Each structure stands twice: as structure tokens, then as C-alpha cells.
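To start, the structure itself, in C-alpha cells.
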Amino acid sequence: MVDMHYGSIWEAVADTVPDAPAVVQGARRLSWGEYEQRAARLAACLLDAGLAPHARVGMYLYNAPEYCETNFAAMKMRGVPININYRYLDQELAYLLDNADIEVLVYHSSLADRVARVQDKATRVRRWIEVDDGPIAHGRVSVPGALSYDEVQAQFAPAPRIKPEGDELYMLYTGGTTGMPKGVTYSMAEFTRFFLASYPTMLGGAPWNTAEEVLDSVRARAASGTPLVAMSSPPLMHGTGCWLGMMAPHLMGGATVMLESRGLDPIELWDTVARERVQQLIIVGDAFARPMLRELQAAPTRWDLDSLRVIISSGAMWSLEVKRGLLELLPQVALADLLGSTEGGMGQSLMTRDTPPAETAKFMLRPTSRVFTSDDREVQPGSGEVGLVANGGLVPLYYHKDPEKSARTFRTVNGQRYSFPGDMATVEADGTLTLLGRGSNCINTGGEKVFPEEVEEALKQHPAVEDALVFGEADERFGQRVVGVASLKPGATASAEDILADAHGRLAGYKLPRRLVLVPRTPRAPNGKADYVTAKQLFAAGG
């Protein structure tokens, strides 16, 4: 019997379909047999370093097969893989190494200068393992005592498999909108069980209850010659890319495909979907979908995309306008828009060419989700009240080393434990949820609350606008005033006044930005999420 643990199920998948593709990035291709063995060799190195169950293994890596292997290797030895944002500089990197209690760090050589600068502060780290990712513009920086990842693969024999004991943890660090990164911690068994039950339904299947059902499905797919191929457009260091683009597809014995570029190149994306016959594509809202759609519209017959069956988005707004455009050119595809966070999934909308339009920011609540007011009353459908969205399904155990935030976010209401990540919403009369945005980003102007996401979507409806971000600026009279930045589509022309005049008919006057600065590119993180810090700097500089 296979244990309810990602690592154990992946080992069983490797035994079942050893020659099937598991990891693909450009010319680099690993079968399931090769993938499992490489992870086992790295696991042997971790054990050799003295790591015990529950030890934390840091992944300071760009998208690469080594990211997948390190994640797998940590699970193999009952450890905890820890994602580290490759954009982190010295202070954030040192903080996370300490906060997460990391004992082994696997990092790309192009990031070695940062690693070297924090090495003396990272007193818990027993072993440093460097993945060579090619020439470095300013010369190679040496990290004293570091091992080469390739040498680890050559020198260590695969570690014997270790049976899980049921107390294993899974942790994902999230930057959130304020403060330092937080380690969202789950029971590995419950985390695995949740994805077994929920992931197949995204692809039109029935939930699974046991690992044996997974293997039956893997065998059936192998026999039919139709293995699942999924591709993560965003980085694996973020939950959307890691969970939906790599970990969950591997539960089905599928292959995860990664782009070679370290930024979004929509032409490379569509080239890869066509070449690898990708069936499931992971994106992050309009930040990815708009440039993807623009390339399709420019060359609608350039790619054979008949393999593509579902595009899944999470983490940012995905507008109805863009969804319609994609379905015009990809009529066979279902568009799944998920409302969730690292702290749990709360709702979703599904749109196909044959279903009613899925309005921007409207979702069907999951059966375990609710919306509560600040005094823990459930928001009644059609009442117009604004409340906090609560996930009552898979709820994290806690934030690592932060009991205060844990108590605020993971609470029990009416005998049921919920996660409150901070998303504000109303519930319509038909039970659908209208997402307003994160409470932490809410702008208070003269006593009126303004949610930036609502204003941003109104600005983006101007035909010339590519993207926009809105935030509050201190105001002596009103406390805050609404301001923002916007960028234009390639070749488009419009003034800030034109854009604001267009939005005037869609927004109440107090929500309309008092000043809008046009910038060459609206700043976003590699995962498509808003970079409000940089946006405020660009606004202050006048673009």
C-alpha cells in the first residue's frame, strides 16, 4: 500500500511508468525513472550531511529540472522543501535561511554572489550545493565549501527509500503584501489528500481517495498513450507554478514542462505548447494572458494548439475581455480561474465557449468556503455586505514561528476551522462571490473604502491600456487619495486624461484616481502579482 505522501506516490509512479516523460525544459528531458534516481542521489547527499526527518532544504533556484529534483529529494528523506524567491537580495535571503531553519541550500551559480555574502550569518546550513547555470556576466563567485550539483549526482548512490510516518510537514513561503515572507505550514498527508481529491476534478475527472487509484489512472493513461503534459508559465518558486504546474501533474504520472526563458516570452510559450503537446497550461491572470492573446491574434495559424485542453489561472485578475479573446482562437479549451492563496483555495469559475461568460472577479464559492463580516457573522447572499473570504477545506496548521499571525489568520468560527488570507468580497443573490481585493491594500479616502483591484480593472477596459496598478497616497484632507500607474499596449496611444475620462463612467467619483502616471511597463513580480512598492516609486518619479 502506497502512503499518503507526495514523495511515496511519485516513487510508485516511477516504478509504474519508468520510461514516461517526467521533466522537460528545452532539450533537457528526464524520464520518470531518471527523475526518481537523480532525486534519490541528492537525498543520499542530504542524509550524508546529517539531515534528519523534518529538516528543511532550501531551493534558491530558477525554473530548472534541479528545482523538481531537490523538491522530490527533500520529500524522499522525510524533509521539508523550502521555496526561496530568486529575487531576494541579501537581507531577505539571510532572513529566510534563518526563519526556515534551512540546513542545506541548493542554489544556481548565477546567485552565488548573494549566497556568499550571507554565508557567515546562516549558521544552521550544513551543506551548500551549487547548480551551474552557465556563464556569469561579472565572473564566478566562490561559495566556500560548496559542492557541485553534478558532482553530487556522480558521487552518491541512490538513497534507500524511507517510509513516511504520517507526521511529515509541507511548507511554502509566501511574501504576501506586507512584511517579511511567511512559512505556511501544512500536514503533508492532508496536503496530499486534498490534491488527490481536488486536482482530477479540474480536468473533468472524479476525485481520488487512495494512492492506488492514482496508479490505476497512470496505468490507464500509459496504456492509451495519452500521458498528461502540464506546463507552468510562472516560476516554480511560487505556489501557483509549483502546485499546479509541477506537483499535482506529477501525482497523475504526468510530465511538467518548463520554459527556458526567465521572463514571460509569449512566442516561446506557444512554441513550447505546440512542440510538447501541452494539455494543461498554468498562468497568472491578465499579466500572462494579455501578451499571450496578442501573439495569437497576430498569428492565429502559426501554432498547432489542438492538444491544449485547459488553461488554469490563479493569483491575479483574469478579465472577461481576455478570456473571450482566448476562446475565440482556442475553442476547445476550458478556462479555469481559481480564487486562492498559499493559505488555501476558496472558489473558482470555469468558462468555455459553450458556457455563460465568467464575469471578471466573480467566482463560485467552494462548498467549504464562507464569507464573514468582521464580527464573524456570515454574509447573506444579496445583502451587499462586504466580508472576509474564509476557506474551510484544507487549512494550514500555522505560520512557521509566528503564533500571532497564525491566530489571526487561522480561526475557528461556529465550530469550524477556517483560513482568512485577507480577501474581501460580497456575495450575490445567486450565491456567487464578487472579489473586491485584499483588505491590506484597501485605500481609505475620506472615510470611503476603495479596493485597488476594482479600479485597476476599470482602467484596463480602455482599449489602449495594457496594465495598471492603483494605490493610496497620503492626503492632508482625506487621509489618502487614489493614485496609480498604467502602461499602454504596444503601438497604442492615449493620455492619462483620456484613460481617466473613460473610467469615469464605470467608477464612482471617489474611486477615480486623482492622478495617473503612464509608465513604460507596469511593475509585476515574475509570478504576475502586483509590485506595488516599485509602482509607488515610479509614480513618485513621474514615470
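Following the order of the C-alpha cells, first chain is A, next is B, and so on, with residues numbered from 1 inside each chain and ligands from 1 in the order they appear.
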For the interface of stretch 40-105 of chain A with stretch 225-243 of chain A (cut-off 7 Å, counting only C-alpha atoms), please tabulate each contacting residue of stretch 40-105 of chain A alongside its nearest pair of atoms and their separation in Å to one decimal, rows sorted by chain and increasing number, as CSV.
```
residue,atom,partner,partner_atom,distance
A:Asn63,CA,A:Leu236,CA,6.0
A:Asn83,CA,A:Met237,CA,5.3
A:Ile84,CA,A:Met237,CA,6.3
A:Asn85,CA,A:Met237,CA,6.0
```
In terms of only C-alpha atoms, the residue from A:Ala64, A:Asn414, A:Glu92, A:Leu97 at minimal distance from A:Asp132 is A:Ala64
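Closest approach to A:Gly26 among A:Glu103, A:Asn209, A:Pro490, A:Leu259: A:Leu259, based on only C-alpha atoms.
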Just the alpha helix (DSSP H) stuff from stretch 70-176 of chain A, please, per backbone DSSP, written as an NGL selection string.
:A and (70-76 or 90-99 or 112-118 or 149-155)
Now that the selection is made, can you save its residues with N, CA and C atoms as a short mmCIF file (atom, residue, chain, number, x, y, z; two decimals), in the first residue's frame?
```cif
data_model
loop_
_atom_site.label_atom_id
_atom_site.label_comp_id
_atom_site.auth_asym_id
_atom_site.auth_seq_id
_atom_site.Cartn_x
_atom_site.Cartn_y
_atom_site.Cartn_z
N THR A 70 15.25 18.63 -6.38
CA THR A 70 15.51 18.99 -4.98
C THR A 70 14.23 18.88 -4.16
N ASN A 71 13.13 19.34 -4.72
CA ASN A 71 11.82 19.22 -4.07
C ASN A 71 11.51 17.75 -3.76
N PHE A 72 11.73 16.88 -4.73
CA PHE A 72 11.48 15.44 -4.59
C PHE A 72 12.45 14.84 -3.57
N ALA A 73 13.72 15.21 -3.65
CA ALA A 73 14.74 14.64 -2.75
C ALA A 73 14.43 14.95 -1.29
N ALA A 74 14.01 16.19 -1.01
CA ALA A 74 13.67 16.55 0.37
C ALA A 74 12.53 15.68 0.88
N MET A 75 11.54 15.45 0.05
CA MET A 75 10.41 14.62 0.46
C MET A 75 10.85 13.17 0.67
N LYS A 76 11.78 12.71 -0.15
CA LYS A 76 12.25 11.32 -0.03
C LYS A 76 12.84 11.02 1.34
N ASP A 90 20.31 40.15 -0.23
CA ASP A 90 20.99 39.65 0.95
C ASP A 90 20.11 39.60 2.20
N GLN A 91 19.45 40.72 2.53
CA GLN A 91 18.69 40.77 3.77
C GLN A 91 17.55 39.75 3.80
N GLU A 92 16.79 39.69 2.70
CA GLU A 92 15.66 38.75 2.65
C GLU A 92 16.15 37.31 2.63
N LEU A 93 17.24 37.05 1.90
CA LEU A 93 17.78 35.71 1.84
C LEU A 93 18.27 35.26 3.21
N ALA A 94 19.02 36.12 3.90
CA ALA A 94 19.52 35.78 5.24
C ALA A 94 18.36 35.54 6.20
N TYR A 95 17.33 36.38 6.11
CA TYR A 95 16.15 36.22 6.98
C TYR A 95 15.51 34.86 6.75
N LEU A 96 15.30 34.49 5.48
CA LEU A 96 14.58 33.25 5.22
C LEU A 96 15.40 32.03 5.61
N LEU A 97 16.70 32.05 5.36
CA LEU A 97 17.56 30.93 5.76
C LEU A 97 17.46 30.70 7.27
N ASP A 98 17.39 31.79 8.02
CA ASP A 98 17.28 31.68 9.47
C ASP A 98 15.87 31.31 9.90
N ASN A 99 14.87 32.00 9.35
CA ASN A 99 13.49 31.77 9.78
C ASN A 99 13.03 30.36 9.48
N ALA A 112 25.25 33.00 -6.76
CA ALA A 112 26.29 32.67 -5.77
C ALA A 112 26.82 33.89 -5.04
N ASP A 113 26.83 35.06 -5.70
CA ASP A 113 27.36 36.25 -5.02
C ASP A 113 26.52 36.58 -3.79
N ARG A 114 25.20 36.46 -3.89
CA ARG A 114 24.33 36.72 -2.75
C ARG A 114 24.53 35.66 -1.66
N VAL A 115 24.63 34.42 -2.10
CA VAL A 115 24.83 33.33 -1.15
C VAL A 115 26.12 33.54 -0.37
N ALA A 116 27.19 33.89 -1.08
CA ALA A 116 28.48 34.09 -0.42
C ALA A 116 28.42 35.19 0.63
N ARG A 117 27.65 36.24 0.35
CA ARG A 117 27.59 37.37 1.27
C ARG A 117 26.82 37.06 2.56
N VAL A 118 25.94 36.07 2.52
CA VAL A 118 25.15 35.75 3.73
C VAL A 118 25.63 34.47 4.40
N TYR A 149 26.51 20.40 -7.91
CA TYR A 149 25.34 19.53 -8.05
C TYR A 149 25.67 18.33 -8.95
N ASP A 150 26.41 18.57 -10.02
CA ASP A 150 26.78 17.48 -10.92
C ASP A 150 27.68 16.46 -10.21
N GLU A 151 28.58 16.95 -9.35
CA GLU A 151 29.44 16.03 -8.61
C GLU A 151 28.63 15.21 -7.61
N VAL A 152 27.63 15.82 -7.00
CA VAL A 152 26.75 15.08 -6.10
C VAL A 152 26.09 13.93 -6.84
N GLN A 153 25.61 14.22 -8.05
CA GLN A 153 24.96 13.17 -8.84
C GLN A 153 25.93 12.05 -9.20
N ALA A 154 27.18 12.40 -9.42
CA ALA A 154 28.17 11.38 -9.82
C ALA A 154 28.69 10.58 -8.63
N GLN A 155 28.76 11.20 -7.45
CA GLN A 155 29.44 10.56 -6.31
C GLN A 155 28.53 9.76 -5.39
#
```
Neighbour list for stretch 261-278 of chain A as an mmCIF file with C-alpha atoms, in the first residue's frame, cut-off 6 Å, only C-alpha atoms, skip fewer than 3 positions in-chain:
```cif
data_model
loop_
_atom_site.group_PDB
_atom_site.id
_atom_site.type_symbol
_atom_site.label_atom_id
_atom_site.label_comp_id
_atom_site.auth_asym_id
_atom_site.auth_seq_id
_atom_site.Cartn_x
_atom_site.Cartn_y
_atom_site.Cartn_z
ATOM 1 C CA VAL A 229 1.588 17.083 -20.074
ATOM 2 C CA ALA A 230 1.373 20.239 -17.959
ATOM 3 C CA MET A 292 -0.316 35.512 -24.913
ATOM 4 C CA ASP A 304 -0.961 23.812 -33.752
ATOM 5 C CA LEU A 305 -2.500 24.070 -30.288
ATOM 6 C CA SER A 307 -3.521 19.418 -27.647
ATOM 7 C CA LEU A 308 -4.364 22.197 -25.185
#
```
If DSSP is run on the backbone, what residues of stretch 399-449 of chain A are strand (DSSP E)? A reply as a JSON list (two decimals) with C-alpha atoms, in the first residue's frame would be ideal.
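File produced: out.json:
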```json
[["chain", "number", "residue", "atom", "x", "y", "z"],
["A", 399, "TYR", "CA", 2.62, 30.17, 10.03],
["A", 410, "PHE", "CA", -6.43, 30.51, 11.08],
["A", 411, "ARG", "CA", -9.51, 30.81, 13.26],
["A", 412, "THR", "CA", -12.48, 28.75, 14.37],
["A", 413, "VAL", "CA", -15.95, 30.14, 13.66],
["A", 416, "GLN", "CA", -15.33, 25.08, 12.06],
["A", 417, "ARG", "CA", -11.69, 25.99, 11.46],
["A", 418, "TYR", "CA", -11.08, 28.46, 8.62],
["A", 419, "SER", "CA", -8.23, 30.28, 6.90],
["A", 423, "ASP", "CA", -9.52, 38.72, 0.55],
["A", 424, "MET", "CA", -12.62, 40.94, 0.75],
["A", 425, "ALA", "CA", -15.80, 40.11, -1.16],
["A", 426, "THR", "CA", -19.56, 40.39, -1.39],
["A", 427, "VAL", "CA", -21.97, 37.51, -2.00],
["A", 432, "THR", "CA", -21.65, 33.78, -6.46],
["A", 433, "LEU", "CA", -18.81, 35.73, -4.89],
["A", 434, "THR", "CA", -17.58, 39.09, -6.18],
["A", 435, "LEU", "CA", -13.96, 39.58, -5.21],
["A", 436, "LEU", "CA", -13.04, 43.13, -4.20],
["A", 437, "GLY", "CA", -9.38, 42.70, -3.26],
["A", 438, "ARG", "CA", -7.05, 42.35, -0.34],
["A", 443, "ILE", "CA", -7.48, 52.67, 0.35],
["A", 444, "ASN", "CA", -9.40, 54.81, 2.86],
["A", 445, "THR", "CA", -10.20, 58.14, 1.25],
["A", 448, "GLU", "CA", -14.77, 55.66, 1.84],
["A", 449, "LYS", "CA", -13.10, 52.31, 1.17]]
```
Contact check, stretch 179-218 of chain A to stretch 338-344 of chain A, at most 12 Å, counting only C-alpha atoms, closest pairs as a tab-separated table:
```
residue	atom	partner	partner_atom	distance
A:Pro181	CA	A:Thr342	CA	11.7
A:Lys182	CA	A:Thr342	CA	9.9
A:Gly183	CA	A:Thr342	CA	9.4
A:Val184	CA	A:Glu343	CA	6.6
A:Thr185	CA	A:Glu343	CA	8.8
A:Tyr186	CA	A:Glu343	CA	9.2
A:Phe191	CA	A:Gly344	CA	10.2
A:Phe194	CA	A:Gly344	CA	10.4
A:Phe195	CA	A:Gly344	CA	11.4
A:Tyr199	CA	A:Leu338	CA	12.0
A:Met202	CA	A:Leu338	CA	10.1
```
Those selected residues, please, written with N, CA and C atoms and delivered as a PDB file, in the first residue's frame.
```pdb
ATOM      1  N   PRO A 181       8.658  37.353   4.430  1.00  0.00           N
ATOM      2  CA  PRO A 181       7.984  36.118   3.997  1.00  0.00           C
ATOM      3  C   PRO A 181       7.490  35.286   5.177  1.00  0.00           C
ATOM      4  N   LYS A 182       6.370  34.582   4.952  1.00  0.00           N
ATOM      5  CA  LYS A 182       5.765  33.743   5.985  1.00  0.00           C
ATOM      6  C   LYS A 182       5.734  32.294   5.505  1.00  0.00           C
ATOM      7  N   GLY A 183       6.093  31.366   6.391  1.00  0.00           N
ATOM      8  CA  GLY A 183       6.097  29.945   6.060  1.00  0.00           C
ATOM      9  C   GLY A 183       4.744  29.313   6.363  1.00  0.00           C
ATOM     10  N   VAL A 184       3.935  29.087   5.328  1.00  0.00           N
ATOM     11  CA  VAL A 184       2.615  28.471   5.504  1.00  0.00           C
ATOM     12  C   VAL A 184       2.817  26.959   5.606  1.00  0.00           C
ATOM     13  N   THR A 185       2.398  26.384   6.719  1.00  0.00           N
ATOM     14  CA  THR A 185       2.748  25.005   7.047  1.00  0.00           C
ATOM     15  C   THR A 185       1.520  24.102   7.045  1.00  0.00           C
ATOM     16  N   TYR A 186       1.628  22.993   6.318  1.00  0.00           N
ATOM     17  CA  TYR A 186       0.553  22.008   6.208  1.00  0.00           C
ATOM     18  C   TYR A 186       1.021  20.641   6.712  1.00  0.00           C
ATOM     19  N   PHE A 191      -2.250  17.564   2.962  1.00  0.00           N
ATOM     20  CA  PHE A 191      -1.948  18.307   1.740  1.00  0.00           C
ATOM     21  C   PHE A 191      -2.055  17.384   0.528  1.00  0.00           C
ATOM     22  N   PHE A 194      -5.744  16.349  -0.098  1.00  0.00           N
ATOM     23  CA  PHE A 194      -6.532  17.416  -0.711  1.00  0.00           C
ATOM     24  C   PHE A 194      -6.344  17.440  -2.219  1.00  0.00           C
ATOM     25  N   PHE A 195      -5.098  17.370  -2.683  1.00  0.00           N
ATOM     26  CA  PHE A 195      -4.856  17.437  -4.121  1.00  0.00           C
ATOM     27  C   PHE A 195      -5.314  16.172  -4.832  1.00  0.00           C
ATOM     28  N   TYR A 199      -7.627  17.883  -7.539  1.00  0.00           N
ATOM     29  CA  TYR A 199      -6.964  18.112  -8.817  1.00  0.00           C
ATOM     30  C   TYR A 199      -7.629  17.390  -9.987  1.00  0.00           C
ATOM     31  N   MET A 202     -10.450  19.269 -11.733  1.00  0.00           N
ATOM     32  CA  MET A 202     -10.120  20.374 -12.630  1.00  0.00           C
ATOM     33  C   MET A 202     -10.005  19.893 -14.074  1.00  0.00           C
TER      34      MET A 202
END
```
Counting only C-alpha atoms, what is within 9 Å of A:Pro164, bar same-chain residues fewer than 3 positions away, as a list in words?
Asp3, Met4, His5, Gly7, Ser8, Lys76, Met77, Arg78, Asp167 and Glu168 of chain A
Judged by only C-alpha atoms, the minimum distance to A:Lys536 among A:Glu473, A:Tyr60, A:Lys511, A:Ile312 is found for A:Glu473
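Each of A:Val519, A:Leu203, A:Ala223, A:Ala503 was checked against A:Lys489 using only C-alpha atoms; the smallest atom-to-atom distance is that of A:Val519.
Closest to A:Gly325 among A:Thr368, A:Thr123, A:Thr210, A:Thr352 is A:Thr352, based on only C-alpha atoms.
Closest approach to A:Gly315 from the set A:Val379, A:Ala206, A:Ala530, A:Leu293 is made by A:Ala530, with distances taken over only C-alpha atoms.
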| What's the 12 Å shell around A:Gly447, counting only C-alpha atoms, without same-chain residues fewer than 3 positions away, as a PyMOL selection string? | chain A and resi 442-444+450+477-481+510-511
Could you write out that same residue set with C-alpha atoms as a PDB file, in the first residue's frame?
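Full text of result08.pdb as output:
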```pdb
ATOM      1  CA  CYS A 442      -7.657  48.880   0.763  1.00  0.00           C
ATOM      2  CA  ILE A 443      -7.482  52.670   0.347  1.00  0.00           C
ATOM      3  CA  ASN A 444      -9.397  54.815   2.862  1.00  0.00           C
ATOM      4  CA  VAL A 450     -11.616  51.749  -2.273  1.00  0.00           C
ATOM      5  CA  ARG A 477      -7.652  66.436   3.832  1.00  0.00           C
ATOM      6  CA  PHE A 478      -8.897  62.915   3.045  1.00  0.00           C
ATOM      7  CA  GLY A 479      -6.238  60.768   4.747  1.00  0.00           C
ATOM      8  CA  GLN A 480      -5.458  59.065   1.435  1.00  0.00           C
ATOM      9  CA  ARG A 481      -6.209  59.789  -2.172  1.00  0.00           C
ATOM     10  CA  TYR A 510     -14.326  58.896  -5.088  1.00  0.00           C
ATOM     11  CA  LYS A 511     -12.799  55.741  -6.636  1.00  0.00           C
TER      12      LYS A 511
END
```
Contacts of A:Pro356 within 12 Å, only C-alpha atoms, excl. fewer than 3 positions in-chain, as a ChimeraX atom specification
/A:320,323-324,349-353,359
Could you build a table of the residues in stretch 213-300 of chain A lying no more than 9 Å from stretch 451-468 of chain A, giving for each the nearest pair of atoms and their separation in Å rounded to one decimal place, using only C-alpha atoms, ordered by chain and ascending residue number, as a Markdown table?
```
| residue | atom | partner | partner_atom | distance |
| --- | --- | --- | --- | --- |
| A:Asp286 | CA | A:Asp467 | CA | 8.3 |
| A:Ala287 | CA | A:Asp467 | CA | 7.6 |
| A:Arg290 | CA | A:Glu466 | CA | 7.7 |
| A:Pro291 | CA | A:Glu466 | CA | 8.9 |
```
| said: Taking 3 positions as the minimum chain separation for residues in the same chain, which residues sit within 6 Å of A:Ile82 when counting only C-alpha atoms? Answer as a PyMOL selection string. | reply: chain A and resi 57-59
Please, could you write that set of residues out with N, CA and C atoms as a PDB file, in the first residue's frame?
```pdb
ATOM      1  N   VAL A  57      15.181  21.966   3.470  1.00  0.00           N
ATOM      2  CA  VAL A  57      16.098  22.037   2.333  1.00  0.00           C
ATOM      3  C   VAL A  57      15.677  23.219   1.469  1.00  0.00           C
ATOM      4  N   GLY A  58      16.553  24.222   1.363  1.00  0.00           N
ATOM      5  CA  GLY A  58      16.217  25.438   0.624  1.00  0.00           C
ATOM      6  C   GLY A  58      16.478  25.294  -0.863  1.00  0.00           C
ATOM      7  N   MET A  59      15.590  25.899  -1.678  1.00  0.00           N
ATOM      8  CA  MET A  59      15.705  25.869  -3.135  1.00  0.00           C
ATOM      9  C   MET A  59      15.751  27.309  -3.641  1.00  0.00           C
TER      10      MET A  59
END
```
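Across the model, the gap from atom CA of A:Leu105 to atom CA of A:Gly254 is 27.3 Å.
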